[in-house]
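Participant: One structure is given below, represented as C-alpha coordinates, and several questions about it will come after.
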Amino acid sequence: MPEYLIWGGGGHGKVVADAARLAGLHIRGFVDSDSAKEGTLAEPGGGRIIVSEADFLKSVANGDLPDGVDGVILAIGSNSARQRCRLRLPVAFLTTVIHPGAMVSPNAIIGIGSVVLAGAVVNSSARLGSGCIINSGAIVEHDCLVGDDAHVAPRAVLAGGVK
(Lines give C-alpha, C1' and ligand atoms only; values in the text may rest on other atoms or scores of the structure.)
Protein backbone atom coordinates (compact mmCIF):
# COMPACT_ATOMS: atom_id res chain seq x y z
CA MET A 1 0.00 0.00 0.00
CA PRO A 2 1.44 3.42 -0.91
CA GLU A 3 2.45 5.59 2.04
CA TYR A 4 2.39 9.36 2.26
CA LEU A 5 4.00 12.10 4.31
CA ILE A 6 2.05 15.18 5.28
CA TRP A 7 4.17 18.32 5.11
CA GLY A 8 2.84 20.43 7.96
CA GLY A 9 2.47 19.22 11.54
CA GLY A 10 0.05 21.88 12.80
CA GLY A 11 -3.73 22.12 13.03
CA HIS A 12 -4.31 22.17 9.28
CA GLY A 13 -2.14 19.05 9.01
CA LYS A 14 -4.49 17.21 11.38
CA VAL A 15 -7.51 18.09 9.23
CA VAL A 16 -5.72 17.07 6.04
CA ALA A 17 -4.61 13.78 7.65
CA ASP A 18 -8.24 12.95 8.45
CA ALA A 19 -9.31 13.77 4.89
CA ALA A 20 -6.49 11.69 3.41
CA ARG A 21 -7.28 8.67 5.58
CA LEU A 22 -10.98 8.91 4.76
CA ALA A 23 -10.00 9.03 1.07
CA GLY A 24 -8.16 5.73 1.57
CA LEU A 25 -4.58 6.99 1.80
CA HIS A 26 -2.12 5.61 4.35
CA ILE A 27 -0.31 8.32 6.30
CA ARG A 28 3.21 7.35 7.30
CA GLY A 29 3.81 10.53 9.28
CA PHE A 30 4.45 14.25 9.16
CA VAL A 31 7.24 16.61 8.15
CA ASP A 32 7.62 19.72 10.30
CA SER A 33 9.98 22.69 10.32
CA ASP A 34 10.51 22.42 14.09
CA SER A 35 13.16 19.70 14.50
CA ALA A 36 12.40 19.55 18.25
CA LYS A 37 9.04 17.97 17.34
CA GLU A 38 10.66 14.98 15.63
CA GLY A 39 9.16 11.78 17.04
CA THR A 40 6.26 13.55 18.76
CA LEU A 41 2.63 12.67 18.18
CA ALA A 42 1.16 15.19 15.74
CA GLU A 43 -2.48 14.11 15.88
CA PRO A 44 -4.80 11.55 17.47
CA GLY A 45 -4.84 9.36 14.34
CA GLY A 46 -1.38 8.16 15.31
CA GLY A 47 0.64 10.26 12.92
CA ARG A 48 4.04 11.17 14.29
CA ILE A 49 6.41 13.81 13.06
CA ILE A 50 8.89 11.35 11.70
CA VAL A 51 11.25 13.63 9.87
CA SER A 52 12.44 17.19 10.28
CA GLU A 53 11.99 19.52 7.35
CA ALA A 54 15.78 19.90 7.04
CA ASP A 55 16.30 16.13 6.70
CA PHE A 56 13.34 15.83 4.36
CA LEU A 57 14.70 18.56 2.08
CA LYS A 58 18.10 16.82 1.94
CA SER A 59 16.35 13.74 0.50
CA VAL A 60 14.34 15.86 -1.93
CA ALA A 61 17.49 17.70 -3.08
CA ASN A 62 18.89 14.29 -4.06
CA GLY A 63 15.72 13.55 -6.03
CA ASP A 64 14.41 11.07 -3.48
CA LEU A 65 11.71 10.72 -0.89
CA PRO A 66 12.51 9.10 2.47
CA ASP A 67 12.54 5.29 2.34
CA GLY A 68 9.08 3.77 2.06
CA VAL A 69 7.35 7.05 1.17
CA ASP A 70 5.47 7.29 -2.12
CA GLY A 71 4.18 10.87 -2.07
CA VAL A 72 3.78 14.13 -0.16
CA ILE A 73 0.58 15.91 0.84
CA LEU A 74 0.89 19.66 1.46
CA ALA A 75 -0.83 20.79 4.67
CA ILE A 76 0.53 24.25 5.39
CA GLY A 77 -2.03 26.97 6.05
CA SER A 78 0.09 29.95 5.01
CA ASN A 79 -0.25 30.49 1.26
CA SER A 80 3.28 31.85 0.83
CA ALA A 81 4.88 29.09 2.94
CA ARG A 82 2.87 26.40 1.13
CA GLN A 83 3.98 27.84 -2.22
CA ARG A 84 7.65 27.82 -1.16
CA CYS A 85 7.33 24.19 -0.09
CA ARG A 86 5.44 23.15 -3.22
CA LEU A 87 8.04 24.69 -5.48
CA ARG A 88 10.80 22.71 -3.75
CA LEU A 89 9.17 19.39 -4.66
CA PRO A 90 9.16 17.66 -8.02
CA VAL A 91 5.58 17.53 -9.31
CA ALA A 92 5.75 13.72 -9.27
CA PHE A 93 6.07 13.79 -5.45
CA LEU A 94 2.88 15.83 -4.90
CA THR A 95 -0.42 14.19 -3.96
CA THR A 96 -3.90 15.70 -4.22
CA VAL A 97 -6.46 14.92 -1.51
CA ILE A 98 -10.23 15.13 -1.93
CA HIS A 99 -12.28 14.36 1.18
CA PRO A 100 -14.99 11.79 0.37
CA GLY A 101 -17.56 14.21 1.81
CA ALA A 102 -16.66 16.90 -0.71
CA MET A 103 -18.62 17.27 -3.94
CA VAL A 104 -16.40 17.81 -6.97
CA SER A 105 -17.84 18.01 -10.47
CA PRO A 106 -16.35 15.57 -12.95
CA ASN A 107 -15.88 18.64 -15.17
CA ALA A 108 -13.80 20.52 -12.58
CA ILE A 109 -10.01 20.56 -12.72
CA ILE A 110 -8.16 20.13 -9.42
CA GLY A 111 -4.48 21.10 -9.54
CA ILE A 112 -1.79 18.77 -8.23
CA GLY A 113 -1.02 19.11 -4.54
CA SER A 114 -4.39 20.69 -3.72
CA VAL A 115 -6.72 19.62 -0.91
CA VAL A 116 -10.52 19.77 -0.99
CA LEU A 117 -11.91 19.26 2.50
CA ALA A 118 -15.17 17.99 4.04
CA GLY A 119 -18.37 19.58 2.79
CA ALA A 120 -16.65 21.63 0.11
CA VAL A 121 -18.22 21.97 -3.33
CA VAL A 122 -16.31 22.50 -6.57
CA ASN A 123 -18.78 22.86 -9.42
CA SER A 124 -18.70 22.37 -13.18
CA SER A 125 -15.82 23.89 -15.15
CA ALA A 126 -14.16 25.32 -12.04
CA ARG A 127 -10.36 25.21 -12.21
CA LEU A 128 -8.09 25.05 -9.19
CA GLY A 129 -4.37 25.69 -9.49
CA SER A 130 -1.68 23.65 -7.79
CA GLY A 131 -1.32 23.68 -4.01
CA CYS A 132 -4.78 25.09 -3.27
CA ILE A 133 -6.83 24.64 -0.11
CA ILE A 134 -10.59 24.46 -0.54
CA ASN A 135 -11.46 24.40 3.12
CA SER A 136 -14.37 22.80 4.97
CA GLY A 137 -17.74 23.83 3.57
CA ALA A 138 -16.32 26.23 0.97
CA ILE A 139 -18.07 26.57 -2.39
CA VAL A 140 -16.31 27.20 -5.68
CA GLU A 141 -19.07 27.71 -8.24
CA HIS A 142 -19.06 27.02 -11.97
CA ASP A 143 -16.39 28.53 -14.20
CA CYS A 144 -14.26 29.91 -11.34
CA LEU A 145 -10.51 30.12 -11.71
CA VAL A 146 -8.60 29.73 -8.44
CA GLY A 147 -4.88 30.42 -8.79
CA ASP A 148 -1.97 28.37 -7.51
CA ASP A 149 -1.56 28.19 -3.72
CA ALA A 150 -4.83 30.00 -2.99
CA HIS A 151 -6.94 29.28 0.09
CA VAL A 152 -10.74 29.43 -0.02
CA ALA A 153 -11.64 29.72 3.67
CA PRO A 154 -14.22 27.59 5.54
CA ARG A 155 -17.77 28.36 4.33
CA ALA A 156 -16.54 30.97 1.84
CA VAL A 157 -18.45 31.14 -1.44
CA LEU A 158 -17.04 32.07 -4.84
CA ALA A 159 -19.91 32.88 -7.21
CA GLY A 160 -19.82 31.59 -10.78
CA GLY A 161 -17.06 32.93 -12.99
CA VAL A 162 -14.87 34.42 -10.24
CA LYS A 163 -11.20 34.61 -11.19
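Identifiers in the C-alpha coordinates: chain A, B, ... in order shown; residue index from 1 per chain; ligand index from 1 in order shown.
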List the neighbours of Val157 (chain A) out to 12 Å using only C-alpha atoms; skip same-chain residues closer than 3 positions along the sequence, and give me the result as a VMD selection string.

Facilitator: chain A and resid 120 to 123 134 to 142 144 151 to 154 160 to 162

Participant: Taking 5 positions as the minimum chain separation for residues in the same chain, which residues sit within 9 Å of Cys85 (chain A) when counting only C-alpha atoms? Answer as a ChimeraX atom specification.

Facilitator: /A:7,74,76,80

Participant: Write out, as a tab-separated table, each residue of region 94-154 of chain A that has an atom at most 6 Å from region 13-27 of chain A, together with the closest pair of atoms and their distance in Å to one decimal, counting only C-alpha atoms, rows going by chain and rising number.

Facilitator:
residue	atom	partner	partner_atom	distance
A:Val97	CA	A:Ala20	CA	5.9
A:His99	CA	A:Ala19	CA	4.8
A:Pro100	CA	A:Ala23	CA	5.7

Participant: Can you check which residues of chain A DSSP gives as alpha helix (DSSP H) on the backbone and send them as a ChimeraX atom specification?

Facilitator: /A:11-22,53-61,79-88

Participant: Skip Gly129 (chain A) itself and residues of its chain fewer than 5 positions away, then list as an NGL selection string all residues within 8 Å of it, counting only C-alpha atoms.

Facilitator: :A and (110-112 or 114 or 145-150)

Participant: In terms of the shortest atom-to-atom distance over only C-alpha atoms, which of A:Lys58, A:Leu89, A:Arg84, A:Gly10 is closest to Thr40 (chain A)?

Facilitator: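 Looking at the shortest contact to Thr40 (chain A), the residue is A:Gly10.
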
Participant: How far is it from CA of Arg88 (chain A) to CA of Ser33 (chain A), in Å with one decimal?

Facilitator: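 Separation of CA of Arg88 (chain A) and CA of Ser33 (chain A): 14.1 Å.
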
Participant: Quick one, how far is CA of Asn79 (chain A) from CA of Cys132 (chain A)?

Facilitator: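 CA of Cys132 (chain A) lies 8.4 Å from CA of Asn79 (chain A).
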
Participant: Restricting the calculation to only C-alpha atoms: of A:Pro66, A:Ser59, A:Val31, A:Ser78, which residue gets closest to Gly47 (chain A)?

Facilitator: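 With only C-alpha atoms as the atom set, the closest residue is A:Val31.
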
Participant: Run DSSP on the backbone and give me the residues of chain A it puts in strand (DSSP E or B), as an NGL selection string.

Facilitator: :A and (3-7 or 26-32 or 41 or 48-52 or 71-74 or 94 or 97-98 or 103-104 or 109 or 115-116 or 121-122 or 127-128 or 133-134 or 139-140 or 145-146 or 151-152 or 157-158)

Participant: Between A:Gly8, A:Gly101, A:Gly71, A:Gly131, which is the closest to Arg48 (chain A) once you count only C-alpha atoms?

Facilitator: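 Answer, going by the shortest atom-to-atom distance: A:Gly8.
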
Participant: Identify which of the residues A:Ser125, A:Val69, A:Asn107, A:Gly119 lies closest to Ala156 (chain A), counting only C-alpha atoms when measuring atom-to-atom distances.

Facilitator: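 Closest to Ala156 (chain A), using only C-alpha atoms: A:Gly119.
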
Participant: Have a look at A:Ser105, A:Ser52, A:Ser35, A:Thr96 and name the one nearest to Val72 (chain A); count only C-alpha atoms.

Facilitator: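 Looking only at the distances to Val72 (chain A), the closest residue turns out to be A:Thr96.
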
Participant: What is the distance, in Å and to one decimal place, between CA of Gly68 (chain A) and CA of Glu53 (chain A)?

Facilitator: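 The value is 16.9 Å.
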